[in-house]
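*Asks:* Please find one structure pasted underneath; my questions will follow.
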Amino acid sequence: MSTATIATNGTLARKQWADTALTQHFNKFPLLNIMADGNGGMTLKGAIIKETLESGEGDTKDYAFRAPTSTSTVKTGDQRLEGTGSSITYGKDSITLNEYGDELQVKNRTMNKTRTKIDVDKDTSEALGEQSGRFAMVKVLQALTDVTAGRTQKRYLYGSAEANYNATHATALANVDATDDKLSLDLLGDAITKFRTQSTGIGFMQPAEVILKDDSVVEKFIGLFHPAAIRDLKKDTNFKTAVLQKDNALFDVISGSNFVGEYEGCLIYGLDPVDTENDVLLLSGVGAAGINVAHNLILGKGAMVVAYGKEAEPDTSIKYSMSNNGNMIVTKVGDDHGRDTLWAWRNVMGFKKLVDGNTNEDYAAAHLFTSAKGGL
């Protein structure tokens, strides 16, 4: 009998484990269509910038933001130019890569294969990728809702009144009430106008490029709202007459979301909790009289970065599968004398909301806090 070119225990025979897991990782990442590939930190077109780096865990990448130059220094006629110009200034932020991973256990693997027609290896690879994708989604939302960096009054609106703002975040949240601070079209319009016309620096938030279902590209702001806020919006008397939603809207590009419509250049999405453990956009009991508050997001161009680095191959003889570009590794070891199988996924990733280092202000992430009382 001739020998197979690729041995059954060879790495090439198992490469589909990691490829399958990485595919599921992105399938379970709802914000893929509002992402855009970066280019050395300078091309910030999507709301979320996706970087694929050659480096590994622990490496840091810098992002520079070139601030607009004032027009007040422009010279007229024969006024002297040389030696009178303004310096180009850059704000800066950085992202650091970390390794993440987890283990899934398949008990009595031999008996499982006897009793079911399921391809256990393929199904387990998909389960690994699904968990990794949900984890990445949670990390993205946690980064975007981070109030410890980039928080300024020009990027934050607590309910319907500017007077609700306070230098202490918890105090400002306690000013959001269940009567005046429900999400409505009027409030949304006020918020969008504020965020696109106010900035600590000279420049303003710019709309992001969005890939539609027909692969065309438009520039829009992306609104991610908690379902409790969307419920109040749909009860707004102006909603049905002011917002047009088509059954097969091209803007329905965030998988698993509820596309509500477009208003004031902002695409409105109801973003469900990632799972029962992670309802990141809901702040429980922090509003006036202890009501729940929704932390809604309005994203522009370059709101945050998700970076993928390279995994290192194991040093031992452990069975493993590496994705083609090394962004994911899946490993498999036997346990209990071969009856059980322990699987694990690992990714090198980084998640960072971008903050302009010159102004200490969120570069393109704005925050609208509304009531989330009742029913949820």
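The way I read the labels, and the way they are meant: chains A, B, ... in the order of the structure tokens, residue 1 as the first residue of every chain, and ligand 1 as the first ligand shown, with later ones counted on from there.
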Which residues of stretch 151-201 of chain A come within 10 Å of stretch 225-245 of chain A, and for each one, what is the closest pair of atoms and their distance in Å to one decimal, counting only C-alpha atoms, sorted by chain and residue number, as JSON lines?

*Replies:*
```
{"residue": "A:Asp181", "atom": "CA", "partner": "A:Asp232", "partner_atom": "CA", "distance": 10.0}
{"residue": "A:Lys182", "atom": "CA", "partner": "A:Asp232", "partner_atom": "CA", "distance": 6.2}
{"residue": "A:Leu183", "atom": "CA", "partner": "A:Leu233", "partner_atom": "CA", "distance": 5.2}
{"residue": "A:Ser184", "atom": "CA", "partner": "A:Leu233", "partner_atom": "CA", "distance": 4.9}
{"residue": "A:Leu185", "atom": "CA", "partner": "A:Phe239", "partner_atom": "CA", "distance": 6.6}
{"residue": "A:Asp186", "atom": "CA", "partner": "A:Asn238", "partner_atom": "CA", "distance": 8.6}
{"residue": "A:Leu187", "atom": "CA", "partner": "A:Leu233", "partner_atom": "CA", "distance": 9.7}
{"residue": "A:Leu188", "atom": "CA", "partner": "A:Leu233", "partner_atom": "CA", "distance": 9.3}
```

*Asks:* Please provide the set of residues having any atom within 12 Å of A:Ala21, restricted to only C-alpha atoms, with same-chain residues fewer than 5 positions apart removed, written as a PyMOL selection string.

*Replies:* chain A and resi 15-16+26-28+121-133+321-324+327-331+343-347

*Asks:* Looking at only C-alpha atoms, which of A:Tyr156, A:Tyr63, A:Phe369, A:Trp17 is the one that sits closest to A:Leu281?

*Replies:*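 Of A:Tyr156, A:Tyr63, A:Phe369, A:Trp17, the one nearest A:Leu281 is A:Phe369, counting only C-alpha atoms.
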
*Asks:* Set the distance at 12 Å and use only C-alpha atoms: which residues neighbour A:Ser86 once local chain neighbours fewer than 5 positions away are removed? I'd like the list as a list of chain:residue names.

*Replies:*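 Result of the neighbour search: A:Ala67, A:Pro68, A:Thr69, A:Ser70, A:Thr71, A:Ser72, A:Thr73, A:Val74, A:Lys75, A:Leu81.
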
*Asks:* Residues of the last selection are to be written out with N, CA, C and O atoms, as a compact mmCIF listing (two decimals), in the first residue's frame.

*Replies:*
```txt
# COMPACT_ATOMS: atom_id res chain seq x y z
N ALA A 67 -4.10 67.09 13.05
CA ALA A 67 -5.11 68.08 13.37
C ALA A 67 -5.24 69.10 12.24
O ALA A 67 -4.24 69.49 11.62
N PRO A 68 -6.48 69.55 11.92
CA PRO A 68 -6.64 70.61 10.92
C PRO A 68 -5.90 71.87 11.36
O PRO A 68 -5.82 72.18 12.56
N THR A 69 -5.35 72.58 10.40
CA THR A 69 -4.61 73.80 10.69
C THR A 69 -5.53 75.00 10.60
O THR A 69 -6.39 75.08 9.72
N SER A 70 -5.37 75.93 11.51
CA SER A 70 -6.21 77.13 11.52
C SER A 70 -6.06 77.91 10.22
O SER A 70 -4.96 78.03 9.66
N THR A 71 -7.16 78.46 9.74
CA THR A 71 -7.12 79.31 8.54
C THR A 71 -6.88 80.78 8.89
O THR A 71 -6.74 81.61 7.99
N SER A 72 -6.81 81.07 10.19
CA SER A 72 -6.65 82.48 10.60
C SER A 72 -5.27 83.02 10.26
O SER A 72 -5.05 84.24 10.27
N THR A 73 -4.32 82.13 9.96
CA THR A 73 -2.95 82.58 9.69
C THR A 73 -2.66 82.72 8.19
O THR A 73 -1.53 83.00 7.81
N VAL A 74 -3.67 82.50 7.34
CA VAL A 74 -3.47 82.61 5.89
C VAL A 74 -3.11 84.06 5.53
O VAL A 74 -3.76 85.01 6.00
N LYS A 75 -2.09 84.22 4.70
CA LYS A 75 -1.59 85.55 4.34
C LYS A 75 -2.30 86.10 3.10
O LYS A 75 -2.80 85.35 2.28
N LEU A 81 5.49 85.07 3.75
CA LEU A 81 5.12 83.70 4.08
C LEU A 81 6.22 82.99 4.85
O LEU A 81 5.95 82.29 5.82
```

*Asks:* Report, in Å with one decimal, the straight-line distance from atom CA of A:Leu173 to atom CA of A:Gln153.

*Replies:*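 According to the coordinates, atom CA of A:Leu173 and atom CA of A:Gln153 are separated by 13.1 Å.
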
*Asks:* For A:Leu32, which residue out of A:Ile48, A:Leu97, A:Lys332, A:Asp19 is the nearest one, using only C-alpha atoms?

*Replies:*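 With only C-alpha atoms as the atom set, the closest residue is A:Ile48.
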
*Asks:* Which residue, A:Val106, A:Ser199, A:Glu209, A:Arg80, has the smallest gap to A:Thr152 when you use only C-alpha atoms?

*Replies:*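 Checking each candidate against A:Thr152, we get A:Ser199 as the closest.
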
*Asks:* Could you name the residues that touch A:Val147 at 10 Å or less, counting only C-alpha atoms, but leaving out those on the same chain fewer than 3 positions away, as a CSV table (one decimal) with all heavy atoms, in the first residue's frame?

*Replies:*
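Result file follows (part-v3.csv):
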```csv
chain,number,residue,atom,x,y,z
A,142,GLN,N,-16.9,47.1,25.2
A,142,GLN,CA,-16.3,47.6,26.4
A,142,GLN,C,-15.3,48.7,26.1
A,142,GLN,O,-15.2,49.7,26.9
A,142,GLN,CB,-15.6,46.4,27.1
A,142,GLN,CG,-16.6,45.4,27.7
A,142,GLN,CD,-15.9,44.2,28.4
A,142,GLN,OE1,-14.7,43.9,28.0
A,142,GLN,NE2,-16.5,43.5,29.2
A,143,ALA,N,-14.6,48.6,25.0
A,143,ALA,CA,-13.6,49.6,24.7
A,143,ALA,C,-14.4,50.9,24.3
A,143,ALA,O,-14.0,52.0,24.7
A,143,ALA,CB,-12.7,49.2,23.5
A,144,LEU,N,-15.4,50.8,23.5
A,144,LEU,CA,-16.2,52.0,23.1
A,144,LEU,C,-16.9,52.7,24.2
A,144,LEU,O,-17.1,53.9,24.2
A,144,LEU,CB,-17.2,51.6,22.0
A,144,LEU,CG,-16.6,51.2,20.6
A,144,LEU,CD1,-17.7,50.7,19.7
A,144,LEU,CD2,-16.0,52.5,19.9
A,150,GLY,N,-10.9,59.9,27.2
A,150,GLY,CA,-11.5,60.6,26.1
A,150,GLY,C,-12.9,61.3,26.5
A,150,GLY,O,-13.6,61.8,25.6
A,151,ARG,N,-13.2,61.3,27.7
A,151,ARG,CA,-14.5,61.8,28.1
A,151,ARG,C,-14.5,63.4,28.2
A,151,ARG,O,-13.8,63.9,29.1
A,151,ARG,CB,-15.0,61.2,29.4
A,151,ARG,CG,-16.4,61.7,29.9
A,151,ARG,CD,-16.8,61.0,31.2
A,151,ARG,NE,-18.0,61.6,31.7
A,151,ARG,CZ,-18.1,62.5,32.7
A,151,ARG,NH1,-17.0,63.0,33.2
A,151,ARG,NH2,-19.3,62.9,33.1
A,152,THR,N,-15.2,64.0,27.4
A,152,THR,CA,-15.4,65.5,27.4
A,152,THR,C,-16.9,65.8,27.2
A,152,THR,O,-17.6,65.0,26.7
A,152,THR,CB,-14.6,66.2,26.3
A,152,THR,OG1,-15.1,65.9,25.0
A,152,THR,CG2,-13.1,65.8,26.4
A,156,TYR,N,-20.2,63.8,25.0
A,156,TYR,CA,-21.1,63.1,25.9
A,156,TYR,C,-22.4,64.0,26.1
A,156,TYR,O,-22.3,65.2,26.3
A,156,TYR,CB,-20.5,62.9,27.3
A,156,TYR,CG,-19.6,61.7,27.4
A,156,TYR,CD1,-18.4,61.7,26.7
A,156,TYR,CD2,-19.9,60.6,28.1
A,156,TYR,CE1,-17.5,60.6,26.8
A,156,TYR,CE2,-19.1,59.5,28.2
A,156,TYR,CZ,-17.9,59.5,27.5
A,156,TYR,OH,-17.1,58.4,27.6
A,169,HIS,N,-18.8,61.1,36.2
A,169,HIS,CA,-19.6,60.4,35.4
A,169,HIS,C,-20.9,59.8,36.1
A,169,HIS,O,-22.0,59.9,35.6
A,169,HIS,CB,-18.9,59.2,34.7
A,169,HIS,CG,-19.7,58.3,33.9
A,169,HIS,ND1,-20.4,58.7,32.8
A,169,HIS,CD2,-19.9,56.9,34.0
A,169,HIS,CE1,-21.0,57.6,32.2
A,169,HIS,NE2,-20.7,56.5,33.0
A,362,ASP,N,-12.4,61.8,22.8
A,362,ASP,CA,-12.7,60.7,21.9
A,362,ASP,C,-12.6,61.2,20.5
A,362,ASP,O,-13.2,62.2,20.1
A,362,ASP,CB,-14.0,60.1,22.2
A,362,ASP,CG,-14.1,59.2,23.4
A,362,ASP,OD1,-13.0,58.9,23.9
A,362,ASP,OD2,-15.2,58.8,23.9
A,367,HIS,N,-21.3,59.7,22.8
A,367,HIS,CA,-22.1,58.9,23.8
A,367,HIS,C,-23.4,59.6,24.2
A,367,HIS,O,-23.3,60.8,24.6
A,367,HIS,CB,-21.2,58.7,25.1
A,367,HIS,CG,-19.8,58.2,24.8
A,367,HIS,ND1,-19.5,56.9,24.9
A,367,HIS,CD2,-18.7,58.8,24.3
A,367,HIS,CE1,-18.2,56.7,24.5
A,367,HIS,NE2,-17.7,57.9,24.2
```

*Asks:* Excluding stretch 299-303 of chain A and residues on its chain fewer than 5 positions from it, collect all residues at most 6 Å away from it, counting only C-alpha atoms, and give them as a list in words.

*Replies:*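 Residues near the query, excluding close chain neighbours: Leu44, Lys45, Gly46, Ala47, Ile48, Gln206, Pro207, Ala208, Phe221, Ile222, Leu354, Ala364 and Ala365 of chain A.
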
*Asks:* Write out as a ChimeraX atom specification the set of residues from stretch 192-293 of chain A that DSSP, computed on the backbone, places in helix (DSSP H, G or I).

*Replies:* /A:192-197,227-235,239-242,288-290
